[in-house]
Structure formats: C-alpha cells, structure tokens
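Undergrad: Supplied in structure tokens, the structure appears directly below.
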Amino acid sequence: MIPPIVFHPAYEAALPDGHRFPMGKYGRLAAVVAARGLAPLGFVAPEPASAELLAAAHGHAYVDAVLAQAVPREVERAIGLPVTESVVRRSRASVGGTLLAARLALAEGLAGSTAGGSHHARREQGAGFCVFNDVAVAARALRGEGAIARALVVDLDVHQGDGTADCLAYEPDLFTLSIHCERNYPTHKIAGDLDIGLPDGVEDEAYLAVLAGRLPGLLDALRPDLVFYNAGVDPHRDDRLGRLRLTDAGLYARDRYVVATVRARNIPLVAVIGGGYTTDIDALAGRHALVFQALAAEAEGA
C-alpha cells in the first residue's frame, strides 16, 4: 500500500505580489504527487491546530498574538511573512497536517505531509518563513499523550534547525539531528542534540557519506518510537538560499537512504517537506515530490 499523504488547500497562503517566498510550490506539489500516482486514494485532510495544541511547543502569549494577527512588527520582520488571516490559516493547517501524518505513520509505518518542516520557529517567536514549529508541536503532543516515549528528528534542510532545538531543549527523549550548511542562515544558531555543519559546496557523494556515517548508529542508540524526517530540498545545487551542491539524483538517494535505514529497524517515519527556494516552481515541486516517491518505493519494496 502506498503511504498516506496529507494535504490541505490552506497550505498555500496568499502573499503580496513579488514576495520572495515560493508559496506556489504547495499547490503545485500536490498536483505533481497526484500526477505521479503517489496518492491513488486521494489526500488525507487535517484539522487546523488549536491554540491548545500549538502551546505544546510555543508560549501562550506568542500563540495568542499570532492567532489574533497582532504580532509585533519586529517579529513579523523576523518571520519574513505577513501575519495575515491567510498565513495564520496556513500555519495552523501545516501543524495539524504534520500531527495527522505522524499519527498515520505510527499506525501504518510511513506517511508524509506536503507541507511542514518549519524548523526556524522558536518557542517564543517565529523566524525564517516559519510561524509555528510543526514538528516540535507534534513531537511534544504525541509524547504528552503517551503515543510515543522517544522521537528522533532527522533534519536535512540546508539550514540548521534552530527553532526545533529551542522548542525541544531539555527534552532528552526528543532528539534532534541537523545536517546543514554551516555558513548559512541562521547566523546565530541554537545548538541541538547533534549538529553537523557542512562546508560550502558539498556534493552528492560526500553528503551521503556524512549521513551514512551518523544515522544508523544514532537510530540504534536511541531506538526511537518515531522519526520525523525534514526532507528540505534546499541543499540542491540550484537553490537560491542553499550553498551545497546536491543534484536531483542526490536528493532522491538521500531520501531513499533515510527511509530505508529507518524502516529496516521497523521504526515508523513521517516526512515533511522543509525548505526549497527557486523561481522555477515546477522544478521545485518536482524536487519536493522525491521524498514521496521514496516513501512509495520503500512501501512497495523497490
């Protein structure tokens, strides 16, 4: 059975004309996933995250300010998105989508959401195009209700997962691995449990060697109940906010390796798409679709 995929039309918010965030990738990604036969029964739709759920990883004052569209101007600048009704709706849907996909992964072994990976959102404020930290909220909510005892976040976005590190600080059973480009945003990083900063220009083979040198041992040592996989495609050589040199083939090999290595240990995995930045929305959506191809290939035993 092909793993379930979560999507909501609210994943794509309205932005001012000319805004540099490629918001159109979400709708286009859903179309590509459907066209490739990766959601043969259609998408699963999430419920938007409630204020109570969001407070699993964020301060109440920040949650209330976002939901009221009343964040301070300096915080809105740090986020890089206008905190409008549409963006708030998108942010709540994205968190709800990651939590639903995580529940589906626990039930079926593999699942994914066509949004998520907002790893720069910290406990008390958003940043870097991230309003709420969907993975941190989902991990803390599931642990709080007893659905999991331990989780591993495998964050392979090109940027360090500072917000996830902040939201999961002092949570030894919610472990973060971030493999990223060191000389990239954020300038001031918040240390996670295991941060591996790569030099500029790393290509496919060297990147995959670093991943293979770390992930199996970490899985065996932690034995998590669930892996959250942030499959950001901004390590791609053509990404305008990256600094690494991965190809499409390298991204797919990365995704296949993560999924296969996790599932070889019978650990459930939930995938979210993370970052990816280019004006070529078709190419970008195609790269984001690779992780869903990897999920399907693993489920089919390919």
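Within each chain, counting starts at residue 1; across the structure tokens, chains are named A, B, ... in the order shown, with ligands numbered 1 upward in that order.
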Identify all residues of stretch 46-249 of chain A in strand (DSSP E or B) (DSSP on the backbone) and supply them as a PyMOL selection string.
TA: chain A and resi 110-113+127+130+151-155+174-181+194-198+226-230+236+246
Undergrad: List the spatial neighbours of stretch 119-136 of chain A as an MDAnalysis selection string - criterion: any atom at most 9 Å away, only C-alpha atoms, same-chain residues fewer than 6 positions off excluded.
TA: chainID A and resid 21 54:63 66 71 75:81 83 87:88 91:92 94:99 153 155 157 159:168 174 185:186 228 230 272 274
Undergrad: With the cut-off set at 12 Å and counting only C-alpha atoms, tabulate each residue of stretch 216-282 of chain A with an atom at most that distance from an atom of stretch 29-36 of chain A, showing the nearest atom pair and its distance in Å to one decimal, ordered by chain and increasing number, as a tab-separated table.
TA:
residue	atom	partner	partner_atom	distance
A:Ile273	CA	A:Leu29	CA	10.0
A:Gly276	CA	A:Leu29	CA	11.8
A:Ile281	CA	A:Leu29	CA	8.9
A:Asp282	CA	A:Leu29	CA	8.2
Undergrad: Report, in Å to a single decimal, how far apart atom CA of A:Glu171 and atom CA of A:Ala70 are.
TA: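 Taking atom CA of A:Ala70 and atom CA of A:Glu171, their separation equals 29.9 Å.
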Undergrad: Could you please determine the separation between atom CA of A:Cys181 and atom CA of A:Ala13 in Å, to one decimal place?
TA: 28.1 Å
Undergrad: Which neighbours of A:Ala107 fall inside 12 Å, counting only C-alpha atoms, when residues of the same chain fewer than 5 positions from it are skipped, and could you give them as an NGL selection string?
TA: :A and (3-4 or 100-102 or 147-148 or 225-226 or 267-270)
Undergrad: Could you save those same residues with N, CA and C atoms as an mmCIF file, in the first residue's frame?
TA:
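New file part-v2.cif:
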data_model
loop_
_atom_site.group_PDB
_atom_site.id
_atom_site.type_symbol
_atom_site.label_atom_id
_atom_site.label_comp_id
_atom_site.auth_asym_id
_atom_site.auth_seq_id
_atom_site.Cartn_x
_atom_site.Cartn_y
_atom_site.Cartn_z
ATOM 1 N N PRO A 3 1.993 4.802 1.031
ATOM 2 C CA PRO A 3 1.753 5.503 2.294
ATOM 3 C C PRO A 3 0.812 6.696 2.135
ATOM 4 N N PRO A 4 0.013 6.972 3.154
ATOM 5 C CA PRO A 4 -0.898 8.118 3.082
ATOM 6 C C PRO A 4 -0.150 9.440 3.062
ATOM 7 N N LEU A 100 -1.239 14.910 12.041
ATOM 8 C CA LEU A 100 -2.023 13.839 11.436
ATOM 9 C C LEU A 100 -1.118 12.844 10.722
ATOM 10 N N ALA A 101 -0.143 13.342 9.961
ATOM 11 C CA ALA A 101 0.768 12.439 9.259
ATOM 12 C C ALA A 101 1.573 11.593 10.253
ATOM 13 N N ALA A 102 1.945 12.167 11.380
ATOM 14 C CA ALA A 102 2.674 11.404 12.395
ATOM 15 C C ALA A 102 1.798 10.291 12.961
ATOM 16 N N ALA A 147 1.516 8.542 23.198
ATOM 17 C CA ALA A 147 1.580 7.798 21.935
ATOM 18 C C ALA A 147 3.011 7.389 21.600
ATOM 19 N N ILE A 148 3.981 8.181 22.040
ATOM 20 C CA ILE A 148 5.399 7.855 21.882
ATOM 21 C C ILE A 148 6.114 8.190 23.186
ATOM 22 N N ASP A 225 10.639 5.737 18.950
ATOM 23 C CA ASP A 225 9.327 5.216 18.573
ATOM 24 C C ASP A 225 8.839 5.812 17.259
ATOM 25 N N LEU A 226 9.437 6.932 16.856
ATOM 26 C CA LEU A 226 9.018 7.631 15.638
ATOM 27 C C LEU A 226 10.160 8.512 15.166
ATOM 28 N N ILE A 267 10.992 1.134 12.508
ATOM 29 C CA ILE A 267 10.625 2.386 13.172
ATOM 30 C C ILE A 267 9.726 3.169 12.239
ATOM 31 N N PRO A 268 8.586 3.658 12.699
ATOM 32 C CA PRO A 268 7.730 4.498 11.853
ATOM 33 C C PRO A 268 8.429 5.808 11.485
ATOM 34 N N LEU A 269 8.123 6.295 10.285
ATOM 35 C CA LEU A 269 8.723 7.548 9.805
ATOM 36 C C LEU A 269 7.639 8.436 9.202
ATOM 37 N N VAL A 270 7.674 9.705 9.574
ATOM 38 C CA VAL A 270 6.798 10.710 8.979
ATOM 39 C C VAL A 270 7.673 11.750 8.295
#
Undergrad: Go through A:Ala49, A:Ala68, A:Ala294, A:Leu218 one by one, measure the shortest atom-to-atom distance of each to A:Ala138 using only C-alpha atoms, and give the residue with the smallest value.
TA: A:Ala49
Undergrad: Which one of A:Tyr252, A:Phe43, A:Phe292, A:Tyr229 sits closest to A:Ser118 if you count only C-alpha atoms?
TA: A:Tyr229
Undergrad: Just list as an NGL selection string whatever in stretch 64-296 of chain A DSSP marks as alpha helix (DSSP H).
TA: :A and (64-67 or 73-79 or 85-108 or 134-144 or 162-167 or 204-222 or 248-263 or 281-296)
Undergrad: Show me, as an MDAnalysis selection string, the residues that have an atom within 8 Å of A:Phe7 when counting only C-alpha atoms, minus same-chain residues fewer than 3 positions from it.
TA: chainID A and resid 11 30 43:46 97 113:115
Undergrad: Mind dumping the selected residues with N, CA and C atoms as a PDB file, in the first residue's frame?
TA:
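Output (part13.pdb):
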ATOM      1  N   TYR A  11      -2.620  25.060   2.837  1.00  0.00           N
ATOM      2  CA  TYR A  11      -1.155  25.058   2.858  1.00  0.00           C
ATOM      3  C   TYR A  11      -0.593  26.198   2.000  1.00  0.00           C
ATOM      4  N   ALA A  30       1.181  19.233  -4.707  1.00  0.00           N
ATOM      5  CA  ALA A  30       0.038  18.324  -4.635  1.00  0.00           C
ATOM      6  C   ALA A  30      -0.327  17.806  -6.023  1.00  0.00           C
ATOM      7  N   PHE A  43      -5.775  12.616  -1.106  1.00  0.00           N
ATOM      8  CA  PHE A  43      -5.050  13.102   0.062  1.00  0.00           C
ATOM      9  C   PHE A  43      -5.910  12.994   1.319  1.00  0.00           C
ATOM     10  N   VAL A  44      -5.240  12.964   2.465  1.00  0.00           N
ATOM     11  CA  VAL A  44      -5.902  12.999   3.756  1.00  0.00           C
ATOM     12  C   VAL A  44      -5.850  14.445   4.243  1.00  0.00           C
ATOM     13  N   ALA A  45      -6.992  14.969   4.664  1.00  0.00           N
ATOM     14  CA  ALA A  45      -7.071  16.378   5.068  1.00  0.00           C
ATOM     15  C   ALA A  45      -6.990  16.510   6.585  1.00  0.00           C
ATOM     16  N   PRO A  46      -6.139  17.405   7.073  1.00  0.00           N
ATOM     17  CA  PRO A  46      -6.006  17.589   8.520  1.00  0.00           C
ATOM     18  C   PRO A  46      -6.973  18.633   9.067  1.00  0.00           C
ATOM     19  N   GLY A  97      -1.415  19.171   9.881  1.00  0.00           N
ATOM     20  CA  GLY A  97      -1.026  18.178   8.892  1.00  0.00           C
ATOM     21  C   GLY A  97       0.123  17.299   9.355  1.00  0.00           C
ATOM     22  N   SER A 113       3.467  14.608   4.903  1.00  0.00           N
ATOM     23  CA  SER A 113       2.651  15.798   4.679  1.00  0.00           C
ATOM     24  C   SER A 113       3.323  16.655   3.617  1.00  0.00           C
ATOM     25  N   THR A 114       2.513  17.256   2.739  1.00  0.00           N
ATOM     26  CA  THR A 114       3.035  18.088   1.661  1.00  0.00           C
ATOM     27  C   THR A 114       3.287  19.522   2.126  1.00  0.00           C
ATOM     28  N   ALA A 115       3.542  19.697   3.377  1.00  0.00           N
ATOM     29  CA  ALA A 115       3.968  20.973   3.964  1.00  0.00           C
ATOM     30  C   ALA A 115       4.854  20.615   5.154  1.00  0.00           C
TER      31      ALA A 115
END
Undergrad: If you count only C-alpha atoms, which residues fall within 9 Å of A:Pro172, apart from same-chain ones fewer than 3 positions away, as an MDAnalysis selection string?
TA: chainID A and resid 150 168:169 175 193
Undergrad: Could you state the separation of atom CA of A:Leu295 and atom CA of A:Val259 in Å, given to one decimal place?
TA: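 About the pair atom CA of A:Leu295 and atom CA of A:Val259: they are 6.8 Å apart.
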Undergrad: Would you list the contacts of A:Thr279 as number ranges by chain, taking every protein, DNA or RNA residue within 9 Å and counting only C-alpha atoms, but skipping same-chain residues closer than 4 positions in sequence?
TA: A: 20, 22, 240, 283-284
Undergrad: Between A:Gly301, A:Gly116, A:Gly192, A:Gly197, which one has atoms that come closest to A:Gly275, using only C-alpha atoms?
TA: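 Once distances to A:Gly275 are computed over only C-alpha atoms, the minimum belongs to A:Gly116.
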